[in-house]
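Input: a single structure, listed below in structure tokens.
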Amino acid sequence: HFGTNGGRSEYLFNTLHFDLDAADYHRFYPVLELSWFHYTTNGRERPFLQFEGRDLANVGGSAKDRDFLSIAPGFRYKFSETLQFGLSAEFPLLGTRDLHQFRLGTDLIWRY
């Protein structure tokens, strides 16, 4: 993520996603995700903030040369071809825990 005016922080990020069809039933899928952020430039909009909002919001704080790595174990359940539900719990592994100590994620996919 690279800005055009220097107001917001610039960073690189990557997310790795692993899932497995448990017992080949095509219903229950354990999931594991790793998310990594590396800040390359401080933002100038709010330099007094010594943190960034990662994937929630780019607040323009001071975070240059900081890394953040999190892990999110969870599962996905496939009720039918048209309806799926997922749940995950995300925890930080590396980096500051200023805004991110725990996050619960859910999703519902409905295909029509």
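Convention: chains lettered A, B, ... in structure tokens order; per-chain residue numbering from 1; ligands numbered from 1 as shown.
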Distance query segment 2-14 of chain A at most 9 Å, only C-alpha atoms, self and fewer than 2 positions along chain excluded, as a PyMOL selection string: chain A and resi 16+34-46+52+54+58-64
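Rounded to one decimal, atom CA of Pro30 of chain A and atom CA of Gly86 of chain A lie 9.6 Å from each other.
The space between atom CA of Phe91 of chain A and atom CA of Arg66 of chain A spans 17.1 Å.
Shell of segment 98-110 of chain A at 10 Å, with only C-alpha atoms counted and residues fewer than 4 places along the chain excluded, is Gln50, Phe51, Glu52, Gly53, Arg54, Leu56, Phe68, Ser70, Ala72, Gly74, Phe75, Arg76, Tyr77, Lys78, Ser80, Glu81, Thr82, Leu83, Gln84, Phe85, Gly86, Leu87, Ser88, Ala89, Glu90, Phe91, Pro92 and Leu93 of chain A.
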Selection above as a file: N, CA and C atoms, as a CSV table (one decimal), in the first residue's frame:
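Once everything was written out, this is selection18.csv:
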chain,number,residue,atom,x,y,z
A,50,GLN,N,2.0,6.6,17.9
A,50,GLN,CA,3.1,5.7,17.7
A,50,GLN,C,2.7,4.3,17.3
A,51,PHE,N,1.6,4.2,16.6
A,51,PHE,CA,1.0,2.9,16.1
A,51,PHE,C,0.3,3.2,14.8
A,52,GLU,N,-0.1,2.1,14.2
A,52,GLU,CA,-1.0,2.1,13.0
A,52,GLU,C,-2.1,1.1,13.2
A,53,GLY,N,-3.1,1.3,12.3
A,53,GLY,CA,-4.4,0.5,12.4
A,53,GLY,C,-4.4,-0.8,11.6
A,54,ARG,N,-3.3,-1.1,11.0
A,54,ARG,CA,-3.2,-2.3,10.1
A,54,ARG,C,-4.3,-2.4,9.1
A,56,LEU,N,-7.5,-2.4,9.6
A,56,LEU,CA,-8.7,-1.7,10.0
A,56,LEU,C,-8.7,-0.3,9.5
A,68,PHE,N,4.3,-6.7,12.0
A,68,PHE,CA,3.2,-7.3,12.8
A,68,PHE,C,2.8,-8.6,12.1
A,70,SER,N,0.2,-12.0,12.7
A,70,SER,CA,-0.8,-12.6,13.5
A,70,SER,C,-1.2,-14.0,12.9
A,72,ALA,N,-4.6,-16.8,12.8
A,72,ALA,CA,-6.0,-16.9,13.0
A,72,ALA,C,-6.5,-18.3,12.7
A,74,GLY,N,-9.3,-21.3,12.8
A,74,GLY,CA,-10.8,-21.3,12.7
A,74,GLY,C,-11.3,-22.4,11.9
A,75,PHE,N,-12.5,-22.3,11.4
A,75,PHE,CA,-13.2,-23.3,10.6
A,75,PHE,C,-14.2,-22.7,9.7
A,76,ARG,N,-14.6,-23.5,8.7
A,76,ARG,CA,-15.7,-23.1,7.8
A,76,ARG,C,-16.6,-24.4,7.8
A,77,TYR,N,-17.9,-24.1,7.8
A,77,TYR,CA,-18.9,-25.2,7.7
A,77,TYR,C,-19.7,-25.0,6.5
A,78,LYS,N,-19.8,-26.0,5.7
A,78,LYS,CA,-20.6,-25.9,4.4
A,78,LYS,C,-22.0,-26.6,4.6
A,80,SER,N,-24.6,-26.2,2.6
A,80,SER,CA,-25.1,-26.7,1.3
A,80,SER,C,-24.2,-26.0,0.3
A,81,GLU,N,-24.5,-26.2,-1.0
A,81,GLU,CA,-23.7,-25.5,-2.0
A,81,GLU,C,-24.0,-24.0,-2.0
A,82,THR,N,-25.1,-23.6,-1.4
A,82,THR,CA,-25.4,-22.2,-1.4
A,82,THR,C,-25.2,-21.4,-0.1
A,83,LEU,N,-24.9,-22.2,1.0
A,83,LEU,CA,-24.7,-21.5,2.3
A,83,LEU,C,-23.5,-22.1,3.1
A,84,GLN,N,-22.6,-21.2,3.5
A,84,GLN,CA,-21.4,-21.5,4.3
A,84,GLN,C,-21.3,-20.5,5.4
A,85,PHE,N,-20.7,-21.0,6.5
A,85,PHE,CA,-20.4,-20.2,7.7
A,85,PHE,C,-19.0,-20.4,8.1
A,86,GLY,N,-18.3,-19.3,8.5
A,86,GLY,CA,-16.9,-19.4,9.0
A,86,GLY,C,-16.7,-18.6,10.3
A,87,LEU,N,-15.8,-19.1,11.1
A,87,LEU,CA,-15.4,-18.4,12.3
A,87,LEU,C,-14.0,-18.6,12.6
A,88,SER,N,-13.3,-17.5,13.0
A,88,SER,CA,-11.9,-17.5,13.3
A,88,SER,C,-11.6,-16.6,14.5
A,89,ALA,N,-10.5,-16.9,15.2
A,89,ALA,CA,-10.0,-16.1,16.3
A,89,ALA,C,-8.5,-15.7,16.0
A,90,GLU,N,-8.3,-14.4,15.9
A,90,GLU,CA,-7.0,-13.9,15.5
A,90,GLU,C,-6.2,-13.4,16.7
A,91,PHE,N,-4.9,-13.8,16.8
A,91,PHE,CA,-4.0,-13.4,17.9
A,91,PHE,C,-2.7,-12.9,17.3
A,92,PRO,N,-2.1,-11.9,17.9
A,92,PRO,CA,-0.8,-11.4,17.4
A,92,PRO,C,0.3,-12.4,17.9
A,93,LEU,N,1.3,-12.6,17.0
A,93,LEU,CA,2.5,-13.4,17.3
A,93,LEU,C,3.7,-12.5,17.4
Residue list (strand (DSSP E or B), DSSP) for chain A, as a ChimeraX atom specification: /A:10-19,28-41,53,57,67-78,83-94,103-110
Selected residue, from A:Gly95, A:Arg111, A:Arg27, A:Asp65, that lies nearest to Phe79 of chain A when counting only C-alpha atoms: A:Arg27
